[in-house]
Amino acid sequence: MPHPYTETFKFHAELRGEPLVVVSKPGLADGAALGDAAMLSARLLAPGPAERVLLLGCGHGALAVALARQLPDGQLTLSDPSLIALRMAALTLAANGVAGAHVSERLSHLPDEAGRYDRVVMLAPQSRALGRRWLVEAHGLLRPGGALNVAGATTSGVQSLIADADALFGAAGVLGYGRGCRVSESLRATPPPAPPAWAAEPGIAPGSWRSVRADLPDGPLELASLPGVFSYDKLDAGTALLLQQRELGAGQRVLDAGCGYGVLGVAAARAGAAQVDMLDVSLLAVAAARENIARLGLRNTEALPSDALEAVAGRTYELVLSNPPFHNGKAVDTAMTGAFIAQARALLVPGGRLALVANRFLPYERILAPHFARVEIIATTSAYRVLVGVV
């Protein structure tokens with residue numbers, strides 16, 4: 001029987017006075033609602049019928065349907081760092097019979113599409129640093145006079161991001177407010193103003209990476225990371241605690257589930273694992289993990305985009321490592337972790353182990369217990385625990 005996490009669902013809604021069907025699933029932030037920023041954007045934005053438009057942070061694609069319906073002679077490209085979002089957006093477009101729109105897995109359309117867009121619409125991400133990366137991307141992609149629209153909730157920091165747009169573009173006017181959200185518009189000036197200093201920061205400037213120091217069991221390393229990846233600018237304390245246990249699978253087949261920029265997988269590969277697979281639902285995380293694999297010349301190691309552990313279904317492992325996500329947007333949600341624990345058990349050989357680190361308040365023993373012969377707590381701090389499930 002499929003895990004409830006893997007099932008998609010549909011809901012009916014209305015944008016700009018027109019009905020639409022939205023396809024979504026668990027694991028997608030705010031996936032069961034239209035979203036106030038998207039609703040406000042649909043009401044306020046009126047692109048020309050032949051515009052070429054890029055939507056950054058497309059989510060499940062509801063706003064994309066509303067925009068595409070205004071572009072009978074134009075083109076709409078959808079982008080999102082979440083693999084789940086891209087899949088649901090494609091299904092939402094298909095469910096509404098939308099033509100002239102396509103979903104892109106590219107993290108950047110620069111430099112080959114520089115100056116080719118008439119409008120970039122940006123649903124503000126939670127990470128301001130990622131928002132700044134998108135602003136720089138948008139500035140490079142827009143033609144002179146092209147429009148940038150930034151939409152988001154006041155409580156999520158959209159005002160700061162609009163101020164960043166003002167600094168980069170030279171002006172950012174607010175088109176409207178509603179339901180605690182606002183939508184701004186900036187035009188790409190000719191000549192452009194001098195960019196703010198943050199536009200050249202590593203990880204924000206196109207083609208660049210943020211460098212993160214990670215103290216691994218065999219010594220410190222500088223790893224590549226990107227804004228929008230979990231704990232992108234420093235090694236988080238939970239992962240550091242798991243590394244201290246040296247559960248790294250020398251000589252074994254190892255899976256790093258929810259790899260981020262690849263710290264656990266890199267440590268396992270350097271500790272002599274026979275094979276290391278890294279998975280993450282974030283395309284930004286997978287890109288960073290792949291960059292680190294390439295930089296370090298790691299053999300028998302790969303990073304793959306994956307919703308839970310689907311990308312390695314049918315493979316087997318002696319060890320699965322994870323610092324699993326437990327937030328869906330701002331809400332605590334262990335649905336993805338529950339699915340990956342069930343899937344991990346199916347991939348582990350007899351005697352295999354799942355080692356994960358989690359905040360102390362999360363009830364992971366209860367989730368692990370039905371799947372493993374034995375569950376042990378092997379390390380505890382005031383904030384975290386390391387749990388091991390043994391097949």
# chains A, B, ... in the order shown; residues from 1 in each chain; ligands from 1
$ select_by_dssp --residues "range 8-223 of chain A" --states "strand (DSSP E or B)" --output "PDB file with N, CA, C and O atoms, in the first residue's frame"
ATOM      1  N   PHE A   9      -2.883  15.091  -4.703  1.00  0.00           N
ATOM      2  CA  PHE A   9      -4.293  15.419  -4.525  1.00  0.00           C
ATOM      3  C   PHE A   9      -4.614  16.656  -5.359  1.00  0.00           C
ATOM      4  O   PHE A   9      -3.709  17.381  -5.811  1.00  0.00           O
ATOM      5  N   LYS A  10      -5.887  16.898  -5.574  1.00  0.00           N
ATOM      6  CA  LYS A  10      -6.343  18.057  -6.345  1.00  0.00           C
ATOM      7  C   LYS A  10      -7.300  18.899  -5.506  1.00  0.00           C
ATOM      8  O   LYS A  10      -8.019  18.377  -4.656  1.00  0.00           O
ATOM      9  N   PHE A  11      -7.284  20.208  -5.768  1.00  0.00           N
ATOM     10  CA  PHE A  11      -8.329  21.063  -5.209  1.00  0.00           C
ATOM     11  C   PHE A  11      -8.708  22.116  -6.241  1.00  0.00           C
ATOM     12  O   PHE A  11      -7.913  22.466  -7.125  1.00  0.00           O
ATOM     13  N   HIS A  12      -9.936  22.591  -6.141  1.00  0.00           N
ATOM     14  CA  HIS A  12     -10.467  23.571  -7.082  1.00  0.00           C
ATOM     15  C   HIS A  12     -10.411  24.958  -6.453  1.00  0.00           C
ATOM     16  O   HIS A  12     -10.636  25.132  -5.257  1.00  0.00           O
ATOM     17  N   ALA A  13     -10.093  25.943  -7.275  1.00  0.00           N
ATOM     18  CA  ALA A  13      -9.950  27.311  -6.788  1.00  0.00           C
ATOM     19  C   ALA A  13     -10.330  28.279  -7.901  1.00  0.00           C
ATOM     20  O   ALA A  13     -10.788  27.874  -8.980  1.00  0.00           O
ATOM     21  N   GLU A  14     -10.118  29.566  -7.636  1.00  0.00           N
ATOM     22  CA  GLU A  14     -10.439  30.602  -8.615  1.00  0.00           C
ATOM     23  C   GLU A  14      -9.409  31.711  -8.525  1.00  0.00           C
ATOM     24  O   GLU A  14      -9.058  32.155  -7.433  1.00  0.00           O
ATOM     25  N   LEU A  15      -8.886  32.139  -9.654  1.00  0.00           N
ATOM     26  CA  LEU A  15      -7.972  33.273  -9.740  1.00  0.00           C
ATOM     27  C   LEU A  15      -8.419  34.170 -10.889  1.00  0.00           C
ATOM     28  O   LEU A  15      -8.755  33.670 -11.965  1.00  0.00           O
ATOM     29  N   GLU A  18     -11.542  33.269 -12.723  1.00  0.00           N
ATOM     30  CA  GLU A  18     -11.595  32.061 -13.541  1.00  0.00           C
ATOM     31  C   GLU A  18     -11.278  30.835 -12.699  1.00  0.00           C
ATOM     32  O   GLU A  18     -10.360  30.859 -11.874  1.00  0.00           O
ATOM     33  N   PRO A  19     -12.006  29.734 -12.916  1.00  0.00           N
ATOM     34  CA  PRO A  19     -11.744  28.524 -12.138  1.00  0.00           C
ATOM     35  C   PRO A  19     -10.465  27.834 -12.601  1.00  0.00           C
ATOM     36  O   PRO A  19     -10.053  27.948 -13.754  1.00  0.00           O
ATOM     37  N   LEU A  20      -9.849  27.094 -11.699  1.00  0.00           N
ATOM     38  CA  LEU A  20      -8.696  26.283 -12.053  1.00  0.00           C
ATOM     39  C   LEU A  20      -8.617  25.093 -11.117  1.00  0.00           C
ATOM     40  O   LEU A  20      -9.209  25.085 -10.034  1.00  0.00           O
ATOM     41  N   VAL A  21      -7.887  24.083 -11.563  1.00  0.00           N
ATOM     42  CA  VAL A  21      -7.618  22.890 -10.770  1.00  0.00           C
ATOM     43  C   VAL A  21      -6.153  22.915 -10.372  1.00  0.00           C
ATOM     44  O   VAL A  21      -5.282  23.123 -11.226  1.00  0.00           O
ATOM     45  N   VAL A  22      -5.877  22.716  -9.093  1.00  0.00           N
ATOM     46  CA  VAL A  22      -4.504  22.705  -8.598  1.00  0.00           C
ATOM     47  C   VAL A  22      -4.142  21.280  -8.183  1.00  0.00           C
ATOM     48  O   VAL A  22      -4.895  20.638  -7.459  1.00  0.00           O
ATOM     49  N   VAL A  23      -3.004  20.800  -8.665  1.00  0.00           N
ATOM     50  CA  VAL A  23      -2.491  19.484  -8.283  1.00  0.00           C
ATOM     51  C   VAL A  23      -1.340  19.695  -7.305  1.00  0.00           C
ATOM     52  O   VAL A  23      -0.439  20.499  -7.556  1.00  0.00           O
ATOM     53  N   SER A  24      -1.374  18.965  -6.189  1.00  0.00           N
ATOM     54  CA  SER A  24      -0.340  19.141  -5.168  1.00  0.00           C
ATOM     55  C   SER A  24      -0.115  17.824  -4.445  1.00  0.00           C
ATOM     56  O   SER A  24      -0.709  16.803  -4.788  1.00  0.00           O
ATOM     57  N   ARG A  52       7.378  37.601 -22.812  1.00  0.00           N
ATOM     58  CA  ARG A  52       8.115  36.422 -22.376  1.00  0.00           C
ATOM     59  C   ARG A  52       8.361  36.587 -20.880  1.00  0.00           C
ATOM     60  O   ARG A  52       9.014  37.548 -20.447  1.00  0.00           O
ATOM     61  N   VAL A  53       7.808  35.657 -20.068  1.00  0.00           N
ATOM     62  CA  VAL A  53       7.763  35.817 -18.618  1.00  0.00           C
ATOM     63  C   VAL A  53       8.430  34.630 -17.936  1.00  0.00           C
ATOM     64  O   VAL A  53       8.255  33.479 -18.354  1.00  0.00           O
ATOM     65  N   LEU A  54       9.188  34.911 -16.878  1.00  0.00           N
ATOM     66  CA  LEU A  54       9.779  33.889 -16.024  1.00  0.00           C
ATOM     67  C   LEU A  54       9.156  34.002 -14.645  1.00  0.00           C
ATOM     68  O   LEU A  54       9.116  35.094 -14.059  1.00  0.00           O
ATOM     69  N   LEU A  55       8.645  32.892 -14.114  1.00  0.00           N
ATOM     70  CA  LEU A  55       8.087  32.845 -12.766  1.00  0.00           C
ATOM     71  C   LEU A  55       9.048  32.091 -11.866  1.00  0.00           C
ATOM     72  O   LEU A  55       9.266  30.886 -12.039  1.00  0.00           O
ATOM     73  N   LEU A  56       9.643  32.777 -10.893  1.00  0.00           N
ATOM     74  CA  LEU A  56      10.571  32.186  -9.940  1.00  0.00           C
ATOM     75  C   LEU A  56       9.829  31.836  -8.655  1.00  0.00           C
ATOM     76  O   LEU A  56       9.142  32.679  -8.087  1.00  0.00           O
ATOM     77  N   GLN A  75       5.152  33.612 -23.838  1.00  0.00           N
ATOM     78  CA  GLN A  75       5.773  32.389 -23.346  1.00  0.00           C
ATOM     79  C   GLN A  75       6.022  32.532 -21.855  1.00  0.00           C
ATOM     80  O   GLN A  75       6.483  33.575 -21.391  1.00  0.00           O
ATOM     81  N   LEU A  76       5.717  31.487 -21.107  1.00  0.00           N
ATOM     82  CA  LEU A  76       5.914  31.484 -19.657  1.00  0.00           C
ATOM     83  C   LEU A  76       6.827  30.331 -19.281  1.00  0.00           C
ATOM     84  O   LEU A  76       6.586  29.184 -19.660  1.00  0.00           O
ATOM     85  N   THR A  77       7.881  30.639 -18.510  1.00  0.00           N
ATOM     86  CA  THR A  77       8.786  29.631 -17.984  1.00  0.00           C
ATOM     87  C   THR A  77       8.641  29.582 -16.477  1.00  0.00           C
ATOM     88  O   THR A  77       8.640  30.620 -15.815  1.00  0.00           O
ATOM     89  N   LEU A  78       8.507  28.377 -15.925  1.00  0.00           N
ATOM     90  CA  LEU A  78       8.341  28.187 -14.492  1.00  0.00           C
ATOM     91  C   LEU A  78       9.632  27.635 -13.900  1.00  0.00           C
ATOM     92  O   LEU A  78      10.239  26.717 -14.461  1.00  0.00           O
ATOM     93  N   SER A  79      10.018  28.176 -12.744  1.00  0.00           N
ATOM     94  CA  SER A  79      11.234  27.735 -12.067  1.00  0.00           C
ATOM     95  C   SER A  79      10.974  27.616 -10.582  1.00  0.00           C
ATOM     96  O   SER A  79      10.206  28.397 -10.009  1.00  0.00           O
ATOM     97  N   SER A  82      12.462  23.405  -5.736  1.00  0.00           N
ATOM     98  CA  SER A  82      11.898  22.160  -5.223  1.00  0.00           C
ATOM     99  C   SER A  82      11.485  21.233  -6.355  1.00  0.00           C
ATOM    100  O   SER A  82      10.685  21.606  -7.223  1.00  0.00           O
ATOM    101  N   ALA A 101       3.457  27.356 -21.907  1.00  0.00           N
ATOM    102  CA  ALA A 101       4.199  27.433 -20.646  1.00  0.00           C
ATOM    103  C   ALA A 101       4.990  26.151 -20.475  1.00  0.00           C
ATOM    104  O   ALA A 101       4.541  25.075 -20.876  1.00  0.00           O
ATOM    105  N   HIS A 102       6.170  26.245 -19.878  1.00  0.00           N
ATOM    106  CA  HIS A 102       6.943  25.042 -19.619  1.00  0.00           C
ATOM    107  C   HIS A 102       7.703  25.172 -18.302  1.00  0.00           C
ATOM    108  O   HIS A 102       7.998  26.274 -17.842  1.00  0.00           O
ATOM    109  N   VAL A 103       7.980  24.023 -17.702  1.00  0.00           N
ATOM    110  CA  VAL A 103       8.679  23.938 -16.422  1.00  0.00           C
ATOM    111  C   VAL A 103      10.158  23.696 -16.695  1.00  0.00           C
ATOM    112  O   VAL A 103      10.512  22.826 -17.498  1.00  0.00           O
ATOM    113  N   SER A 104      11.013  24.454 -16.029  1.00  0.00           N
ATOM    114  CA  SER A 104      12.459  24.336 -16.226  1.00  0.00           C
ATOM    115  C   SER A 104      13.129  23.896 -14.934  1.00  0.00           C
ATOM    116  O   SER A 104      12.849  24.438 -13.864  1.00  0.00           O
ATOM    117  N   TYR A 117      14.012  38.357 -21.468  1.00  0.00           N
ATOM    118  CA  TYR A 117      12.693  38.330 -20.826  1.00  0.00           C
ATOM    119  C   TYR A 117      12.112  39.733 -20.704  1.00  0.00           C
ATOM    120  O   TYR A 117      12.814  40.716 -20.461  1.00  0.00           O
ATOM    121  N   ASP A 118      10.793  39.798 -20.864  1.00  0.00           N
ATOM    122  CA  ASP A 118      10.071  41.059 -20.684  1.00  0.00           C
ATOM    123  C   ASP A 118       9.659  41.266 -19.233  1.00  0.00           C
ATOM    124  O   ASP A 118       9.473  42.400 -18.788  1.00  0.00           O
ATOM    125  N   ARG A 119       9.482  40.160 -18.512  1.00  0.00           N
ATOM    126  CA  ARG A 119       9.017  40.256 -17.129  1.00  0.00           C
ATOM    127  C   ARG A 119       9.514  39.038 -16.345  1.00  0.00           C
ATOM    128  O   ARG A 119       9.513  37.917 -16.842  1.00  0.00           O
ATOM    129  N   VAL A 120       9.927  39.296 -15.102  1.00  0.00           N
ATOM    130  CA  VAL A 120      10.221  38.231 -14.149  1.00  0.00           C
ATOM    131  C   VAL A 120       9.320  38.441 -12.942  1.00  0.00           C
ATOM    132  O   VAL A 120       9.293  39.532 -12.357  1.00  0.00           O
ATOM    133  N   VAL A 121       8.554  37.416 -12.606  1.00  0.00           N
ATOM    134  CA  VAL A 121       7.691  37.433 -11.427  1.00  0.00           C
ATOM    135  C   VAL A 121       8.323  36.527 -10.386  1.00  0.00           C
ATOM    136  O   VAL A 121       8.655  35.385 -10.675  1.00  0.00           O
ATOM    137  N   MET A 122       8.465  37.041  -9.182  1.00  0.00           N
ATOM    138  CA  MET A 122       9.199  36.328  -8.141  1.00  0.00           C
ATOM    139  C   MET A 122       8.345  36.220  -6.891  1.00  0.00           C
ATOM    140  O   MET A 122       7.993  37.232  -6.277  1.00  0.00           O
ATOM    141  N   LEU A 123       7.953  35.007  -6.540  1.00  0.00           N
ATOM    142  CA  LEU A 123       7.313  34.756  -5.251  1.00  0.00           C
ATOM    143  C   LEU A 123       8.427  34.574  -4.229  1.00  0.00           C
ATOM    144  O   LEU A 123       9.198  33.624  -4.303  1.00  0.00           O
ATOM    145  N   LEU A 142      16.366  40.254 -17.731  1.00  0.00           N
ATOM    146  CA  LEU A 142      15.416  41.221 -18.274  1.00  0.00           C
ATOM    147  C   LEU A 142      16.040  42.086 -19.363  1.00  0.00           C
ATOM    148  O   LEU A 142      17.197  42.508 -19.262  1.00  0.00           O
ATOM    149  N   ARG A 143      15.255  42.398 -20.369  1.00  0.00           N
ATOM    150  CA  ARG A 143      15.670  43.387 -21.369  1.00  0.00           C
ATOM    151  C   ARG A 143      15.601  44.775 -20.740  1.00  0.00           C
ATOM    152  O   ARG A 143      14.937  44.977 -19.719  1.00  0.00           O
ATOM    153  N   PRO A 144      16.284  45.761 -21.290  1.00  0.00           N
ATOM    154  CA  PRO A 144      16.126  47.133 -20.802  1.00  0.00           C
ATOM    155  C   PRO A 144      14.656  47.540 -20.822  1.00  0.00           C
ATOM    156  O   PRO A 144      13.959  47.344 -21.823  1.00  0.00           O
ATOM    157  N   GLY A 145      14.167  48.049 -19.711  1.00  0.00           N
ATOM    158  CA  GLY A 145      12.755  48.405 -19.591  1.00  0.00           C
ATOM    159  C   GLY A 145      11.880  47.269 -19.131  1.00  0.00           C
ATOM    160  O   GLY A 145      10.687  47.469 -18.865  1.00  0.00           O
ATOM    161  N   GLY A 146      12.431  46.054 -19.049  1.00  0.00           N
ATOM    162  CA  GLY A 146      11.658  44.907 -18.577  1.00  0.00           C
ATOM    163  C   GLY A 146      11.293  45.054 -17.112  1.00  0.00           C
ATOM    164  O   GLY A 146      11.936  45.780 -16.350  1.00  0.00           O
ATOM    165  N   ALA A 147      10.235  44.346 -16.697  1.00  0.00           N
ATOM    166  CA  ALA A 147       9.673  44.524 -15.364  1.00  0.00           C
ATOM    167  C   ALA A 147       9.981  43.343 -14.454  1.00  0.00           C
ATOM    168  O   ALA A 147       9.899  42.185 -14.860  1.00  0.00           O
ATOM    169  N   LEU A 148      10.316  43.669 -13.212  1.00  0.00           N
ATOM    170  CA  LEU A 148      10.436  42.686 -12.146  1.00  0.00           C
ATOM    171  C   LEU A 148       9.299  42.903 -11.170  1.00  0.00           C
ATOM    172  O   LEU A 148       9.086  44.021 -10.691  1.00  0.00           O
ATOM    173  N   ASN A 149       8.569  41.835 -10.846  1.00  0.00           N
ATOM    174  CA  ASN A 149       7.540  41.884  -9.815  1.00  0.00           C
ATOM    175  C   ASN A 149       7.938  40.962  -8.675  1.00  0.00           C
ATOM    176  O   ASN A 149       8.223  39.784  -8.904  1.00  0.00           O
ATOM    177  N   VAL A 150       7.976  41.504  -7.456  1.00  0.00           N
ATOM    178  CA  VAL A 150       8.283  40.727  -6.260  1.00  0.00           C
ATOM    179  C   VAL A 150       7.032  40.670  -5.403  1.00  0.00           C
ATOM    180  O   VAL A 150       6.432  41.710  -5.112  1.00  0.00           O
ATOM    181  N   ALA A 151       6.635  39.458  -4.998  1.00  0.00           N
ATOM    182  CA  ALA A 151       5.434  39.292  -4.186  1.00  0.00           C
ATOM    183  C   ALA A 151       5.754  38.428  -2.980  1.00  0.00           C
ATOM    184  O   ALA A 151       6.519  37.468  -3.072  1.00  0.00           O
ATOM    185  N   GLY A 152       5.134  38.764  -1.847  1.00  0.00           N
ATOM    186  CA  GLY A 152       5.348  37.953  -0.655  1.00  0.00           C
ATOM    187  C   GLY A 152       4.625  38.528   0.535  1.00  0.00           C
ATOM    188  O   GLY A 152       4.021  39.613   0.470  1.00  0.00           O
ATOM    189  N   ALA A 153       4.697  37.807   1.637  1.00  0.00           N
ATOM    190  CA  ALA A 153       4.034  38.220   2.870  1.00  0.00           C
ATOM    191  C   ALA A 153       4.935  39.149   3.674  1.00  0.00           C
ATOM    192  O   ALA A 153       6.150  38.961   3.734  1.00  0.00           O
ATOM    193  N   GLY A 173       8.458  50.285  -6.871  1.00  0.00           N
ATOM    194  CA  GLY A 173       7.182  50.804  -6.410  1.00  0.00           C
ATOM    195  C   GLY A 173       6.250  49.668  -6.038  1.00  0.00           C
ATOM    196  O   GLY A 173       6.282  48.597  -6.640  1.00  0.00           O
ATOM    197  N   VAL A 174       5.417  49.876  -5.036  1.00  0.00           N
ATOM    198  CA  VAL A 174       4.465  48.859  -4.600  1.00  0.00           C
ATOM    199  C   VAL A 174       3.182  48.993  -5.414  1.00  0.00           C
ATOM    200  O   VAL A 174       2.562  50.054  -5.456  1.00  0.00           O
ATOM    201  N   LEU A 175       2.800  47.904  -6.081  1.00  0.00           N
ATOM    202  CA  LEU A 175       1.579  47.908  -6.888  1.00  0.00           C
ATOM    203  C   LEU A 175       0.331  47.772  -6.039  1.00  0.00           C
ATOM    204  O   LEU A 175      -0.738  48.260  -6.418  1.00  0.00           O
ATOM    205  N   GLY A 176       0.435  47.063  -4.921  1.00  0.00           N
ATOM    206  CA  GLY A 176      -0.739  46.892  -4.089  1.00  0.00           C
ATOM    207  C   GLY A 176      -0.464  46.033  -2.879  1.00  0.00           C
ATOM    208  O   GLY A 176       0.579  45.372  -2.766  1.00  0.00           O
ATOM    209  N   TYR A 177      -1.443  46.076  -1.947  1.00  0.00           N
ATOM    210  CA  TYR A 177      -1.370  45.330  -0.696  1.00  0.00           C
ATOM    211  C   TYR A 177      -2.630  44.477  -0.556  1.00  0.00           C
ATOM    212  O   TYR A 177      -3.664  44.769  -1.156  1.00  0.00           O
ATOM    213  N   GLY A 178      -2.554  43.464   0.293  1.00  0.00           N
ATOM    214  CA  GLY A 178      -3.737  42.675   0.589  1.00  0.00           C
ATOM    215  C   GLY A 178      -3.399  41.431   1.359  1.00  0.00           C
ATOM    216  O   GLY A 178      -2.387  40.777   1.077  1.00  0.00           O
ATOM    217  N   CYS A 181       0.096  40.826   2.446  1.00  0.00           N
ATOM    218  CA  CYS A 181       1.096  40.674   1.384  1.00  0.00           C
ATOM    219  C   CYS A 181       1.214  41.960   0.587  1.00  0.00           C
ATOM    220  O   CYS A 181       0.365  42.852   0.663  1.00  0.00           O
ATOM    221  N   ARG A 182       2.270  42.031  -0.199  1.00  0.00           N
ATOM    222  CA  ARG A 182       2.435  43.154  -1.130  1.00  0.00           C
ATOM    223  C   ARG A 182       3.130  42.670  -2.386  1.00  0.00           C
ATOM    224  O   ARG A 182       3.847  41.668  -2.378  1.00  0.00           O
ATOM    225  N   VAL A 183       2.896  43.419  -3.470  1.00  0.00           N
ATOM    226  CA  VAL A 183       3.510  43.140  -4.766  1.00  0.00           C
ATOM    227  C   VAL A 183       4.178  44.416  -5.245  1.00  0.00           C
ATOM    228  O   VAL A 183       3.555  45.483  -5.260  1.00  0.00           O
ATOM    229  N   SER A 184       5.445  44.317  -5.641  1.00  0.00           N
ATOM    230  CA  SER A 184       6.177  45.492  -6.117  1.00  0.00           C
ATOM    231  C   SER A 184       6.494  45.345  -7.602  1.00  0.00           C
ATOM    232  O   SER A 184       6.360  44.263  -8.187  1.00  0.00           O
ATOM    233  N   GLU A 185       6.914  46.455  -8.191  1.00  0.00           N
ATOM    234  CA  GLU A 185       7.377  46.414  -9.579  1.00  0.00           C
ATOM    235  C   GLU A 185       8.588  47.317  -9.728  1.00  0.00           C
ATOM    236  O   GLU A 185       8.615  48.443  -9.226  1.00  0.00           O
ATOM    237  N   SER A 186       9.608  46.791 -10.415  1.00  0.00           N
ATOM    238  CA  SER A 186      10.816  47.543 -10.745  1.00  0.00           C
ATOM    239  C   SER A 186      11.067  47.382 -12.232  1.00  0.00           C
ATOM    240  O   SER A 186      10.751  46.339 -12.809  1.00  0.00           O
ATOM    241  N   LEU A 187      11.641  48.392 -12.856  1.00  0.00           N
ATOM    242  CA  LEU A 187      11.994  48.328 -14.271  1.00  0.00           C
ATOM    243  C   LEU A 187      13.504  48.340 -14.421  1.00  0.00           C
ATOM    244  O   LEU A 187      14.206  49.064 -13.700  1.00  0.00           O
ATOM    245  N   ARG A 210      28.975  29.615  -2.375  1.00  0.00           N
ATOM    246  CA  ARG A 210      29.328  29.996  -1.011  1.00  0.00           C
ATOM    247  C   ARG A 210      30.246  28.925  -0.438  1.00  0.00           C
ATOM    248  O   ARG A 210      29.997  27.722  -0.609  1.00  0.00           O
ATOM    249  N   SER A 211      31.310  29.310   0.225  1.00  0.00           N
ATOM    250  CA  SER A 211      32.240  28.362   0.813  1.00  0.00           C
ATOM    251  C   SER A 211      31.892  28.152   2.287  1.00  0.00           C
ATOM    252  O   SER A 211      31.669  29.112   3.031  1.00  0.00           O
ATOM    253  N   VAL A 212      31.818  26.879   2.697  1.00  0.00           N
ATOM    254  CA  VAL A 212      31.473  26.518   4.070  1.00  0.00           C
ATOM    255  C   VAL A 212      32.557  25.614   4.636  1.00  0.00           C
ATOM    256  O   VAL A 212      32.938  24.623   3.997  1.00  0.00           O
ATOM    257  N   ARG A 213      33.031  25.923   5.828  1.00  0.00           N
ATOM    258  CA  ARG A 213      34.024  25.060   6.485  1.00  0.00           C
ATOM    259  C   ARG A 213      33.287  23.929   7.202  1.00  0.00           C
ATOM    260  O   ARG A 213      32.335  24.169   7.959  1.00  0.00           O
ATOM    261  N   ALA A 214      33.716  22.713   6.970  1.00  0.00           N
ATOM    262  CA  ALA A 214      33.135  21.555   7.641  1.00  0.00           C
ATOM    263  C   ALA A 214      34.252  20.753   8.273  1.00  0.00           C
ATOM    264  O   ALA A 214      35.195  20.340   7.591  1.00  0.00           O
ATOM    265  N   ASP A 215      34.154  20.526   9.579  1.00  0.00           N
ATOM    266  CA  ASP A 215      35.150  19.722  10.282  1.00  0.00           C
ATOM    267  C   ASP A 215      34.721  18.265  10.208  1.00  0.00           C
ATOM    268  O   ASP A 215      33.840  17.813  10.955  1.00  0.00           O
ATOM    269  N   LEU A 216      35.354  17.523   9.313  1.00  0.00           N
ATOM    270  CA  LEU A 216      35.042  16.114   9.115  1.00  0.00           C
ATOM    271  C   LEU A 216      35.974  15.252   9.964  1.00  0.00           C
ATOM    272  O   LEU A 216      37.014  15.729  10.441  1.00  0.00           O
ATOM    273  N   GLY A 219      39.501  15.587   9.036  1.00  0.00           N
ATOM    274  CA  GLY A 219      40.058  16.931   8.974  1.00  0.00           C
ATOM    275  C   GLY A 219      39.099  17.928   8.357  1.00  0.00           C
ATOM    276  O   GLY A 219      38.072  17.554   7.778  1.00  0.00           O
ATOM    277  N   PRO A 220      39.400  19.218   8.442  1.00  0.00           N
ATOM    278  CA  PRO A 220      38.508  20.252   7.931  1.00  0.00           C
ATOM    279  C   PRO A 220      38.541  20.329   6.406  1.00  0.00           C
ATOM    280  O   PRO A 220      39.565  20.053   5.780  1.00  0.00           O
ATOM    281  N   LEU A 221      37.389  20.700   5.851  1.00  0.00           N
ATOM    282  CA  LEU A 221      37.258  20.898   4.410  1.00  0.00           C
ATOM    283  C   LEU A 221      36.486  22.170   4.151  1.00  0.00           C
ATOM    284  O   LEU A 221      35.628  22.575   4.941  1.00  0.00           O
ATOM    285  N   GLU A 222      36.740  22.793   3.008  1.00  0.00           N
ATOM    286  CA  GLU A 222      35.902  23.878   2.515  1.00  0.00           C
ATOM    287  C   GLU A 222      34.979  23.291   1.456  1.00  0.00           C
ATOM    288  O   GLU A 222      35.454  22.756   0.446  1.00  0.00           O
ATOM    289  N   LEU A 223      33.686  23.376   1.685  1.00  0.00           N
ATOM    290  CA  LEU A 223      32.703  22.823   0.768  1.00  0.00           C
ATOM    291  C   LEU A 223      31.902  23.931   0.110  1.00  0.00           C
ATOM    292  O   LEU A 223      31.715  25.011   0.674  1.00  0.00           O
TER     293      LEU A 223
END
$ closest_atom_pairs --of "range 275-295 of chain A" --to "range 266-269 of chain A" --cutoff "10 Å" --atoms "only C-alpha atoms" --output "Markdown table"
| residue | atom | partner | partner_atom | distance |
| --- | --- | --- | --- | --- |
| A:Gln275 | CA | A:Ala269 | CA | 7.3 |
| A:Val276 | CA | A:Ala269 | CA | 6.3 |
| A:Asp277 | CA | A:Ala269 | CA | 9.5 |
| A:Met278 | CA | A:Val266 | CA | 9.1 |
| A:Ala289 | CA | A:Val266 | CA | 8.5 |
| A:Asn292 | CA | A:Val266 | CA | 7.8 |
| A:Ile293 | CA | A:Val266 | CA | 7.3 |
$ atom_distance --atom1 "CA of Ser208 in chain A" --atom2 "CA of Ala138 in chain A"
15.8 Å
$ closest_residue --among "A:Ser231, A:Ser108, A:Ser306, A:Gln70" --to "Gly260 in chain A" --atoms "only C-alpha atoms"
A:Ser231
$ residues_around --residues "Leu141 in chain A" --least-positions-apart "2" --cutoff "7 Å" --atoms "only C-alpha atoms" --output "count of residues only"
10
$ residues_around --residues "Ala257 in chain A" --least-positions-apart "2" --cutoff "10 Å" --atoms "only C-alpha atoms" --output "VMD selection string"
chain A and resid 254 to 255 259 to 260 262 264 to 265 277 to 281 306 308 to 309 320 to 325 337 340 to 341 344 356
$ select_by_dssp --residues "range 149-380 of chain A" --states "helix (DSSP H, G or I)" --output "number ranges by chain"
A: 154-156, 158-169, 197-200, 237-244, 263-270, 283-296, 310-312, 335-347, 364-368
$ residues_around --residues "Ser156 in chain A" --least-positions-apart "3" --cutoff "10 Å" --atoms "only C-alpha atoms" --output "VMD selection string"
chain A and resid 124 to 128 152 to 153 159 to 161 180 to 181 330
$ write_last_selection --atoms "C-alpha atoms" --output "JSON list (two decimals), in the first residue's frame"
[["chain", "number", "residue", "atom", "x", "y", "z"],
["A", 124, "ALA", "CA", 9.68, 35.61, -2.43],
["A", 125, "PRO", "CA", 11.50, 32.61, -0.91],
["A", 126, "GLN", "CA", 12.04, 32.19, 2.83],
["A", 127, "SER", "CA", 15.77, 32.79, 2.44],
["A", 128, "ARG", "CA", 16.71, 36.42, 1.85],
["A", 152, "GLY", "CA", 5.35, 37.95, -0.66],
["A", 153, "ALA", "CA", 4.03, 38.22, 2.87],
["A", 159, "GLN", "CA", 9.71, 44.40, 2.51],
["A", 160, "SER", "CA", 13.44, 43.72, 2.91],
["A", 161, "LEU", "CA", 13.50, 41.95, -0.45],
["A", 180, "GLY", "CA", -0.73, 40.80, 4.73],
["A", 181, "CYS", "CA", 1.10, 40.67, 1.38],
["A", 330, "LYS", "CA", 7.15, 27.28, 8.84]]
